[in-house]
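Trainee: File my_file.pdb below, PDB, C-alpha atoms:
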```pdb
ATOM      1  CA  MET G   1       0.000   0.000   0.000
ATOM      2  CA  ASN G   2       3.031   2.294   0.246
ATOM      3  CA  HIS G   3       2.882   4.863  -2.549
ATOM      4  CA  GLY G   4       5.775   6.917  -1.250
ATOM      5  CA  PHE G   5       5.185   9.451   1.474
ATOM      6  CA  SER G   6       6.414  12.265  -0.749
ATOM      7  CA  LEU G   7       3.029  11.917  -2.495
ATOM      8  CA  GLY G   8       1.027  10.969   0.571
ATOM      9  CA  GLU G   9      -0.270   7.468   1.261
ATOM     10  CA  VAL G  10      -3.523   6.387  -0.340
ATOM     11  CA  ILE G  11      -5.606   4.476   2.214
ATOM     12  CA  ASP G  12      -7.777   1.773   0.709
ATOM     13  CA  GLY G  13     -11.037   0.551   2.183
ATOM     14  CA  SER G  14      -9.698  -2.606   3.804
ATOM     15  CA  GLN G  15      -6.468  -1.529   5.484
ATOM     16  CA  TRP G  16      -6.043   1.627   7.494
ATOM     17  CA  PRO G  17      -2.637   2.275   9.075
ATOM     18  CA  ASP G  18      -2.273   3.696  12.581
ATOM     19  CA  VAL G  19      -2.838   7.302  11.561
ATOM     20  CA  LEU G  20      -2.209   9.383  14.668
ATOM     21  CA  GLU G  21      -1.119  12.741  13.295
ATOM     22  CA  GLY G  22      -0.839  14.639  10.047
ATOM     23  CA  MET G  23      -3.460  15.483   7.457
ATOM     24  CA  LEU G  24      -6.049  13.306   5.736
ATOM     25  CA  LEU G  25      -7.208  14.612   2.373
ATOM     26  CA  VAL G  26     -10.499  12.867   1.615
ATOM     27  CA  ARG G  27     -12.068  13.014  -1.826
ATOM     28  CA  HIS G  28     -15.820  13.446  -1.571
ATOM     29  CA  PRO G  29     -18.004  10.326  -2.036
ATOM     30  CA  GLN G  30     -19.946   9.487  -5.188
ATOM     31  CA  VAL G  31     -22.119  12.220  -6.728
ATOM     32  CA  ASP G  32     -25.651  11.824  -8.047
ATOM     33  CA  SER G  33     -25.984   9.846 -11.280
ATOM     34  CA  GLY G  34     -27.671  12.817 -12.938
ATOM     35  CA  VAL G  35     -24.389  14.768 -12.981
ATOM     36  CA  GLN G  36     -21.935  11.934 -13.604
ATOM     37  CA  GLY G  37     -20.205  12.539 -16.911
ATOM     38  CA  LEU G  38     -20.553  16.296 -16.542
ATOM     39  CA  CYS G  39     -17.822  18.813 -15.836
ATOM     40  CA  TYR G  40     -19.174  20.020 -12.510
ATOM     41  CA  GLY G  41     -16.074  21.673 -11.025
ATOM     42  CA  ARG G  42     -17.254  24.323  -8.550
ATOM     43  CA  SER G  43     -20.939  23.660  -9.194
ATOM     44  CA  ASP G  44     -22.745  22.543  -6.046
ATOM     45  CA  VAL G  45     -23.981  19.117  -7.121
ATOM     46  CA  PRO G  46     -25.480  16.570  -4.689
ATOM     47  CA  LEU G  47     -24.239  13.191  -3.583
ATOM     48  CA  SER G  48     -25.984  10.018  -4.686
ATOM     49  CA  LEU G  49     -27.783   7.924  -2.069
ATOM     50  CA  GLU G  50     -24.765   5.652  -2.151
ATOM     51  CA  GLY G  51     -22.539   8.672  -1.601
ATOM     52  CA  VAL G  52     -24.564   9.716   1.448
ATOM     53  CA  GLY G  53     -24.203   6.214   2.863
ATOM     54  CA  GLN G  54     -20.491   6.226   2.096
ATOM     55  CA  SER G  55     -20.188   9.552   3.944
ATOM     56  CA  GLN G  56     -21.747   8.025   7.047
ATOM     57  CA  LEU G  57     -19.461   4.983   6.944
ATOM     58  CA  LEU G  58     -16.371   7.130   6.400
ATOM     59  CA  ALA G  59     -17.322   9.463   9.217
ATOM     60  CA  ASP G  60     -17.785   6.525  11.581
ATOM     61  CA  ARG G  61     -14.320   5.246  10.712
ATOM     62  CA  LEU G  62     -12.610   8.619  10.831
ATOM     63  CA  ALA G  63     -14.184   9.367  14.215
ATOM     64  CA  ARG G  64     -12.118   6.528  15.727
ATOM     65  CA  LEU G  65      -8.952   8.454  14.910
ATOM     66  CA  PRO G  66      -7.531  11.394  16.928
ATOM     67  CA  VAL G  67      -9.192  14.047  14.765
ATOM     68  CA  ARG G  68      -8.590  17.605  15.993
ATOM     69  CA  ARG G  69      -9.612  19.764  13.003
ATOM     70  CA  ILE G  70     -12.153  19.314  10.180
ATOM     71  CA  PHE G  71     -12.305  21.328   6.954
ATOM     72  CA  HIS G  72     -14.413  21.052   3.795
ATOM     73  CA  SER G  73     -14.772  22.957   0.542
ATOM     74  CA  GLY G  74     -18.185  24.401   1.334
ATOM     75  CA  LEU G  75     -19.831  22.406  -1.472
ATOM     76  CA  GLN G  76     -22.460  19.926  -0.326
ATOM     77  CA  ARG G  77     -20.639  16.884  -1.689
ATOM     78  CA  THR G  78     -17.874  17.530   0.870
ATOM     79  CA  ARG G  79     -20.009  19.113   3.563
ATOM     80  CA  VAL G  80     -22.146  16.012   4.210
ATOM     81  CA  LEU G  81     -19.146  13.952   5.351
ATOM     82  CA  ALA G  82     -17.567  16.841   7.275
ATOM     83  CA  GLN G  83     -20.774  17.584   9.175
ATOM     84  CA  ARG G  84     -21.345  13.940  10.054
ATOM     85  CA  LEU G  85     -17.774  13.669  11.328
ATOM     86  CA  GLY G  86     -18.268  16.884  13.277
ATOM     87  CA  GLU G  87     -21.363  15.454  14.957
ATOM     88  CA  LEU G  88     -19.426  12.362  16.028
ATOM     89  CA  THR G  89     -16.355  14.229  17.293
ATOM     90  CA  GLY G  90     -17.857  17.438  18.633
ATOM     91  CA  ILE G  91     -15.606  19.458  16.304
ATOM     92  CA  GLU G  92     -17.087  22.273  14.230
ATOM     93  CA  PRO G  93     -16.243  21.753  10.523
ATOM     94  CA  ARG G  94     -14.949  24.854   8.762
ATOM     95  CA  PRO G  95     -15.183  25.720   5.052
ATOM     96  CA  SER G  96     -11.948  26.538   3.227
ATOM     97  CA  GLU G  97     -11.612  28.169  -0.189
ATOM     98  CA  ALA G  98      -8.342  26.277  -0.670
ATOM     99  CA  LEU G  99     -10.277  23.008  -0.873
ATOM    100  CA  VAL G 100     -12.748  23.995  -3.609
ATOM    101  CA  GLU G 101     -12.555  22.179  -6.944
ATOM    102  CA  ARG G 102     -11.158  23.920 -10.000
ATOM    103  CA  ASP G 103     -13.199  26.683 -11.589
ATOM    104  CA  PHE G 104     -14.013  25.474 -15.115
ATOM    105  CA  GLY G 105     -15.830  28.652 -16.132
ATOM    106  CA  ASP G 106     -18.265  28.129 -19.025
ATOM    107  CA  TRP G 107     -17.524  24.400 -19.081
ATOM    108  CA  GLU G 108     -19.386  23.904 -15.799
ATOM    109  CA  LEU G 109     -22.293  21.437 -16.024
ATOM    110  CA  GLN G 110     -21.584  20.624 -19.675
ATOM    111  CA  SER G 111     -20.845  17.000 -20.570
ATOM    112  CA  TRP G 112     -17.194  16.097 -21.082
ATOM    113  CA  GLU G 113     -18.185  14.567 -24.428
ATOM    114  CA  GLU G 114     -19.661  17.863 -25.612
ATOM    115  CA  ILE G 115     -16.614  19.789 -24.389
ATOM    116  CA  TYR G 116     -14.323  17.414 -26.267
ATOM    117  CA  ARG G 117     -16.372  17.717 -29.458
ATOM    118  CA  ARG G 118     -15.972  21.467 -29.281
ATOM    119  CA  GLU G 119     -12.410  21.773 -27.939
ATOM    120  CA  GLY G 120     -10.781  18.575 -29.180
ATOM    121  CA  GLU G 121      -7.154  18.102 -28.182
ATOM    122  CA  GLY G 122      -7.137  21.733 -27.073
ATOM    123  CA  MET G 123      -8.369  20.455 -23.727
ATOM    124  CA  LEU G 124      -4.853  19.147 -23.133
ATOM    125  CA  ARG G 125      -3.643  22.721 -22.831
ATOM    126  CA  MET G 126      -4.591  22.401 -19.155
ATOM    127  CA  ILE G 127      -1.478  20.225 -18.965
ATOM    128  CA  SER G 128       0.747  21.669 -21.698
ATOM    129  CA  GLU G 129       0.061  25.337 -20.822
ATOM    130  CA  PRO G 130      -0.562  25.248 -17.042
ATOM    131  CA  GLU G 131       0.394  28.875 -16.474
ATOM    132  CA  THR G 132      -1.877  30.491 -19.033
ATOM    133  CA  TYR G 133      -4.681  28.215 -20.296
ATOM    134  CA  ARG G 134      -8.087  28.849 -18.703
ATOM    135  CA  PRO G 135     -10.587  26.055 -19.398
ATOM    136  CA  GLY G 136     -13.913  27.736 -20.097
ATOM    137  CA  GLY G 137     -12.389  31.004 -18.904
ATOM    138  CA  GLY G 138     -11.886  29.590 -15.381
ATOM    139  CA  GLU G 139      -8.721  28.887 -13.397
ATOM    140  CA  THR G 140      -5.355  28.048 -14.876
ATOM    141  CA  THR G 141      -3.709  24.898 -13.557
ATOM    142  CA  TRP G 142      -1.125  26.992 -11.728
ATOM    143  CA  GLU G 143      -3.802  29.152 -10.098
ATOM    144  CA  LEU G 144      -5.501  26.014  -8.815
ATOM    145  CA  ALA G 145      -2.205  24.587  -7.558
ATOM    146  CA  ASP G 146      -1.126  27.831  -5.872
ATOM    147  CA  ARG G 147      -4.468  28.225  -4.115
ATOM    148  CA  VAL G 148      -4.450  24.647  -2.847
ATOM    149  CA  TRP G 149      -0.760  24.633  -1.908
ATOM    150  CA  ASN G 150      -0.909  27.856   0.091
ATOM    151  CA  GLY G 151      -4.002  26.770   1.982
ATOM    152  CA  LEU G 152      -2.971  23.195   2.723
ATOM    153  CA  GLN G 153       0.607  23.974   3.706
ATOM    154  CA  GLY G 154      -0.767  26.207   6.430
ATOM    155  CA  LYS G 155      -3.067  23.428   7.617
ATOM    156  CA  ARG G 156      -0.193  20.946   7.497
ATOM    157  CA  ALA G 157       1.952  23.226   9.659
ATOM    158  CA  GLY G 158      -0.963  23.472  12.064
ATOM    159  CA  CYS G 159      -0.849  19.692  12.496
ATOM    160  CA  ARG G 160       2.691  19.943  13.873
ATOM    161  CA  GLN G 161       1.742  22.736  16.242
ATOM    162  CA  GLY G 162      -1.623  21.383  17.405
ATOM    163  CA  GLY G 163      -1.062  17.614  17.216
ATOM    164  CA  GLY G 164      -3.566  15.017  16.122
ATOM    165  CA  LEU G 165      -5.187  14.808  12.724
ATOM    166  CA  THR G 166      -6.583  17.382  10.348
ATOM    167  CA  VAL G 167      -9.305  16.003   8.057
ATOM    168  CA  ALA G 168      -9.865  17.996   4.865
ATOM    169  CA  VAL G 169     -12.787  16.819   2.704
ATOM    170  CA  THR G 170     -12.096  18.062  -0.797
ATOM    171  CA  HIS G 171     -12.067  17.145  -4.497
ATOM    172  CA  GLY G 172      -9.971  15.252  -7.022
ATOM    173  CA  GLY G 173      -8.341  18.292  -8.623
ATOM    174  CA  PRO G 174      -7.030  19.866  -5.405
ATOM    175  CA  ILE G 175      -5.745  16.514  -4.114
ATOM    176  CA  ALA G 176      -3.896  15.800  -7.367
ATOM    177  CA  ALA G 177      -2.426  19.314  -7.537
ATOM    178  CA  TYR G 178      -1.225  19.193  -3.931
ATOM    179  CA  ARG G 179       0.275  15.709  -4.216
ATOM    180  CA  GLY G 180       1.912  16.537  -7.536
ATOM    181  CA  ARG G 181       3.538  19.664  -6.193
ATOM    182  CA  LEU G 182       4.488  17.899  -2.962
ATOM    183  CA  GLY G 183       6.298  15.224  -4.955
ATOM    184  CA  GLY G 184       7.766  17.618  -7.528
ATOM    185  CA  LEU G 185       6.054  15.801 -10.401
ATOM    186  CA  PRO G 186       5.278  17.295 -13.828
ATOM    187  CA  VAL G 187       1.677  18.362 -14.449
ATOM    188  CA  ALA G 188       1.274  15.515 -16.955
ATOM    189  CA  ASP G 189       1.498  13.083 -14.018
ATOM    190  CA  TRP G 190      -1.065  14.816 -11.825
ATOM    191  CA  PRO G 191      -4.226  13.135 -13.205
ATOM    192  CA  SER G 192      -2.901   9.770 -11.998
ATOM    193  CA  LEU G 193      -2.801  11.169  -8.446
ATOM    194  CA  ILE G 194      -6.581  11.623  -8.188
ATOM    195  CA  PRO G 195      -7.888   9.051  -5.671
ATOM    196  CA  ALA G 196     -11.224   7.280  -6.022
ATOM    197  CA  CYS G 197     -14.285   8.956  -4.541
ATOM    198  CA  GLY G 198     -14.453   8.495  -0.781
ATOM    199  CA  THR G 199     -10.751   7.667  -0.526
ATOM    200  CA  PRO G 200      -8.424   9.325   2.022
ATOM    201  CA  VAL G 201      -4.800  10.265   1.353
ATOM    202  CA  TRP G 202      -2.568  10.564   4.404
ATOM    203  CA  ILE G 203      -0.060  13.408   4.403
ATOM    204  CA  GLU G 204       2.547  13.170   7.156
ATOM    205  CA  VAL G 205       3.278  16.005   9.535
ATOM    206  CA  GLU G 206       5.804  18.412   8.079
ATOM    207  CA  LYS G 207       8.943  17.874  10.124
ATOM    208  CA  PRO G 208      11.179  20.846  10.980
ATOM    209  CA  LEU G 209      14.619  20.898   9.406
ATOM    210  CA  ALA G 210      17.469  19.600  11.571
ATOM    211  CA  GLY G 211      18.765  22.393  13.788
ATOM    212  CA  SER G 212      15.759  24.639  13.197
ATOM    213  CA  ALA G 213      13.671  26.092  15.981
ATOM    214  CA  VAL G 214      10.467  24.232  16.787
TER     215      VAL G 214
END
```
Translate this structure into structure tokens?
Mentor:
Amino acid sequence: MNHGFSLGEVIDGSQWPDVLEGMLLVRHPQVDSGVQGLCYGRSDVPLSLEGVGQSQLLADRLARLPVRRIFHSGLQRTRVLAQRLGELTGIEPRPSEALVERDFGDWELQSWEEIYRREGEGMLRMISEPETYRPGGGETTWELADRVWNGLQGKRAGCRQGGGLTVAVTHGGPIAAYRGRLGGLPVADWPSLIPACGTPVWIEVEKPLAGSAV
């Protein structure tokens, strides 16, 4: 199960390590079938019934860990899990702009098939031109990565100062961007870093450099 801690450790459904501190990035559970196949990005789409059930099961499991802080993106597909976990732990979940999915502009709520028919291979400019290409007029890849990195690095530092676990319920794009930048990987590799829906990724506590003040 070891995927290299430089990228975080993906935790599958059958084996959970003894996670006592650090940050768990959890991709939201399954969305409603009516929006599957659409580019929903920042659009506030609902979970499926299965996704709601998965949220409850995940919350029950996460609540057994030493959770100290809970964040979510503010969108309902992350908020359901965060609120359930908050009820079980007595911790108030907080929304964070850093955790929101990429802004796809005019592409939002269009089918990926329709977008491809219109844009063709130009869609790949999200990878080949990460600094400048704005899908649908939305965020560039670098804007997404900077937003996520700046927000999550602060939360990661907070883990070292406050102890215990930070749970951040978020989306595939932010998780991939953070893991890719954490591991120093090229943007072309980032799509492979998106975990399955409802899957946590464990990010270790950021250790201080040798000889530095704590």
Trainee: Might you spell out which residues the PyMOL selection byres ((chain G and resi 10) around 7) would select in the displayed file, as a ChimeraX atom specification?
Mentor: /G:3,8-9,11-12,200-202
Trainee: Apply the PyMOL selection byres ((chain G and resi 106-110) around 9) to the file shown and report the selected residues as a list in words.
Mentor: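 Applied to this file, the PyMOL selection byres ((chain G and resi 106-110) around 9) selects Val35, Gly37, Leu38, Cys39, Tyr40, Gly41, Arg42, Ser43, Asp103, Phe104, Gly105, Ser111, Trp112, Glu113, Glu114, Ile115, Pro135, Gly136, Gly137 and Gly138 of chain G.
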Trainee: What's around G:Glu97 at 9 Å? Count all atoms listed in the file, leave out sequence neighbours fewer than 2 positions away in its own chain, and write the answer as a list in words.
Mentor: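 So the residues in contact are His72, Ser73, Gly74, Pro95, Leu99, Val100, Arg147, Val148 and Gly151 of chain G.
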Trainee: With all atoms listed in the file counted, which protein, DNA or RNA residues have an atom no more than 9 Å from (-24.9, 16.2, -7.0) in the file frame? Please answer as a ChimeraX atom specification.
Mentor: /G:30-36,40,43-48,76-77
Trainee: Name the residues in contact with stretch 153-162 of chain G at a cut-off of 12 Å, using all atoms listed in the file, excluding same-chain residues fewer than 4 positions from it; report them as a PDB file with C-alpha atoms, in the coordinates of the input.
Mentor:
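Final output, saved to result33.pdb:
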```
ATOM      1  CA  LEU G  20      -2.209   9.383  14.668  1.00  0.00           C
ATOM      2  CA  GLU G  21      -1.119  12.741  13.295  1.00  0.00           C
ATOM      3  CA  GLY G  22      -0.839  14.639  10.047  1.00  0.00           C
ATOM      4  CA  MET G  23      -3.460  15.483   7.457  1.00  0.00           C
ATOM      5  CA  LEU G  24      -6.049  13.306   5.736  1.00  0.00           C
ATOM      6  CA  LEU G  25      -7.208  14.612   2.373  1.00  0.00           C
ATOM      7  CA  PRO G  66      -7.531  11.394  16.928  1.00  0.00           C
ATOM      8  CA  VAL G  67      -9.192  14.047  14.765  1.00  0.00           C
ATOM      9  CA  ARG G  68      -8.590  17.605  15.993  1.00  0.00           C
ATOM     10  CA  ARG G  69      -9.612  19.764  13.003  1.00  0.00           C
ATOM     11  CA  ILE G  70     -12.153  19.314  10.180  1.00  0.00           C
ATOM     12  CA  PHE G  71     -12.305  21.328   6.954  1.00  0.00           C
ATOM     13  CA  SER G  96     -11.948  26.538   3.227  1.00  0.00           C
ATOM     14  CA  ALA G  98      -8.342  26.277  -0.670  1.00  0.00           C
ATOM     15  CA  LEU G  99     -10.277  23.008  -0.873  1.00  0.00           C
ATOM     16  CA  ALA G 145      -2.205  24.587  -7.558  1.00  0.00           C
ATOM     17  CA  ASP G 146      -1.126  27.831  -5.872  1.00  0.00           C
ATOM     18  CA  ARG G 147      -4.468  28.225  -4.115  1.00  0.00           C
ATOM     19  CA  VAL G 148      -4.450  24.647  -2.847  1.00  0.00           C
ATOM     20  CA  TRP G 149      -0.760  24.633  -1.908  1.00  0.00           C
ATOM     21  CA  THR G 166      -6.583  17.382  10.348  1.00  0.00           C
ATOM     22  CA  VAL G 167      -9.305  16.003   8.057  1.00  0.00           C
ATOM     23  CA  ALA G 168      -9.865  17.996   4.865  1.00  0.00           C
ATOM     24  CA  TYR G 178      -1.225  19.193  -3.931  1.00  0.00           C
ATOM     25  CA  ARG G 179       0.275  15.709  -4.216  1.00  0.00           C
ATOM     26  CA  ARG G 181       3.538  19.664  -6.193  1.00  0.00           C
ATOM     27  CA  LEU G 182       4.488  17.899  -2.962  1.00  0.00           C
ATOM     28  CA  TRP G 202      -2.568  10.564   4.404  1.00  0.00           C
ATOM     29  CA  ILE G 203      -0.060  13.408   4.403  1.00  0.00           C
ATOM     30  CA  GLU G 204       2.547  13.170   7.156  1.00  0.00           C
ATOM     31  CA  VAL G 205       3.278  16.005   9.535  1.00  0.00           C
ATOM     32  CA  GLU G 206       5.804  18.412   8.079  1.00  0.00           C
ATOM     33  CA  LYS G 207       8.943  17.874  10.124  1.00  0.00           C
ATOM     34  CA  PRO G 208      11.179  20.846  10.980  1.00  0.00           C
ATOM     35  CA  VAL G 214      10.467  24.232  16.787  1.00  0.00           C
TER      36      VAL G 214
END
```
Trainee: At a cut-off of 8 Å, using all atoms listed in the file, what residues contact G:Arg84? Leave out same-chain residues fewer than 5 positions from it and give the result as a PyMOL selection string.
Mentor: chain G and resi 55-56+59
Trainee: Looking at all atoms listed in the file, which of G:Leu57, G:Leu62, G:Val187, G:Val169 is the one that sits closest to G:Ile127?
Mentor: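 Smallest separation from G:Ile127 among the options: G:Val187.
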Trainee: So how far away is atom CA of G:Gly183 from atom CA of G:Glu131, in Å?
Mentor: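 Here the two named atoms are 18.8 Å from each other.
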Trainee: Please, what distance in Å, to one decimal, runs between atom CA of G:Ser128 and atom CA of G:Asn150?
Mentor: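 Atom-to-atom, atom CA of G:Ser128 to atom CA of G:Asn150, that is 22.7 Å.
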Trainee: Let me make sure I understand: among G:Gln83, G:Leu49, G:Thr170, G:Leu65, which one has the smallest atom-to-atom distance to G:Gly198 if we use only C-alpha atoms?
Mentor: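 Of G:Gln83, G:Leu49, G:Thr170, G:Leu65, the one nearest G:Gly198 is G:Thr170, counting only C-alpha atoms.
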Trainee: Could you jot down the atom CA of G:Gly164 to atom CA of G:Val19 separation for me, Å, one decimal place?
Mentor: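 Spanning atom CA of G:Gly164 to atom CA of G:Val19 is a straight-line distance of 9.0 Å.
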Trainee: Since the input is missing atoms, can you rebuild N, CA and C atoms for stretch 74-100 of chain G and write them as a CSV table (one decimal), keeping the file's coordinate frame?
Mentor:
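Ended up saving to out.csv:
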```csv
chain,number,residue,atom,x,y,z
G,74,GLY,N,-17.0,23.6,1.3
G,74,GLY,CA,-18.2,24.4,1.3
G,74,GLY,C,-19.3,23.9,0.4
G,75,LEU,N,-18.9,23.0,-0.6
G,75,LEU,CA,-19.8,22.4,-1.5
G,75,LEU,C,-20.5,21.2,-0.8
G,76,GLN,N,-21.7,20.9,-1.1
G,76,GLN,CA,-22.5,19.9,-0.3
G,76,GLN,C,-21.9,18.5,-0.5
G,77,ARG,N,-21.2,18.2,-1.5
G,77,ARG,CA,-20.6,16.9,-1.7
G,77,ARG,C,-19.5,16.6,-0.7
G,78,THR,N,-18.9,17.7,-0.2
G,78,THR,CA,-17.9,17.5,0.9
G,78,THR,C,-18.5,17.8,2.2
G,79,ARG,N,-19.5,18.7,2.3
G,79,ARG,CA,-20.0,19.1,3.6
G,79,ARG,C,-20.7,18.0,4.3
G,80,VAL,N,-21.4,17.1,3.6
G,80,VAL,CA,-22.1,16.0,4.2
G,80,VAL,C,-21.2,15.2,5.1
G,81,LEU,N,-20.1,14.8,4.6
G,81,LEU,CA,-19.1,14.0,5.4
G,81,LEU,C,-18.6,14.8,6.5
G,82,ALA,N,-18.2,16.0,6.2
G,82,ALA,CA,-17.6,16.8,7.3
G,82,ALA,C,-18.5,17.1,8.4
G,83,GLN,N,-19.8,17.3,8.1
G,83,GLN,CA,-20.8,17.6,9.2
G,83,GLN,C,-21.1,16.3,10.0
G,84,ARG,N,-21.1,15.2,9.3
G,84,ARG,CA,-21.3,13.9,10.1
G,84,ARG,C,-20.2,13.7,11.0
G,85,LEU,N,-19.0,13.9,10.5
G,85,LEU,CA,-17.8,13.7,11.3
G,85,LEU,C,-17.8,14.7,12.5
G,86,GLY,N,-18.2,15.9,12.2
G,86,GLY,CA,-18.3,16.9,13.3
G,86,GLY,C,-19.2,16.5,14.4
G,87,GLU,N,-20.4,15.9,14.0
G,87,GLU,CA,-21.4,15.5,15.0
G,87,GLU,C,-20.8,14.4,15.8
G,88,LEU,N,-20.0,13.5,15.3
G,88,LEU,CA,-19.4,12.4,16.0
G,88,LEU,C,-18.3,12.8,16.9
G,89,THR,N,-17.5,13.8,16.5
G,89,THR,CA,-16.4,14.2,17.3
G,89,THR,C,-16.6,15.5,18.1
G,90,GLY,N,-17.7,16.2,17.9
G,90,GLY,CA,-17.9,17.4,18.6
G,90,GLY,C,-17.0,18.6,18.1
G,91,ILE,N,-16.4,18.4,16.9
G,91,ILE,CA,-15.6,19.5,16.3
G,91,ILE,C,-16.4,20.2,15.2
G,92,GLU,N,-16.4,21.5,15.2
G,92,GLU,CA,-17.1,22.3,14.2
G,92,GLU,C,-16.3,22.3,12.9
G,93,PRO,N,-16.9,21.7,11.8
G,93,PRO,CA,-16.2,21.8,10.5
G,93,PRO,C,-16.2,23.2,10.0
G,94,ARG,N,-15.1,23.5,9.3
G,94,ARG,CA,-14.9,24.9,8.8
G,94,ARG,C,-14.7,24.8,7.2
G,95,PRO,N,-15.4,25.7,6.5
G,95,PRO,CA,-15.2,25.7,5.1
G,95,PRO,C,-13.8,26.4,4.7
G,96,SER,N,-13.2,26.0,3.6
G,96,SER,CA,-11.9,26.5,3.2
G,96,SER,C,-11.9,26.7,1.7
G,97,GLU,N,-11.7,27.9,1.2
G,97,GLU,CA,-11.6,28.2,-0.2
G,97,GLU,C,-10.5,27.4,-0.9
G,98,ALA,N,-9.5,27.0,-0.1
G,98,ALA,CA,-8.3,26.3,-0.7
G,98,ALA,C,-8.8,24.9,-1.1
G,99,LEU,N,-9.9,24.4,-0.6
G,99,LEU,CA,-10.3,23.0,-0.9
G,99,LEU,C,-11.3,22.9,-2.0
G,100,VAL,N,-11.7,24.0,-2.6
G,100,VAL,CA,-12.7,24.0,-3.6
G,100,VAL,C,-12.2,23.5,-4.9
```
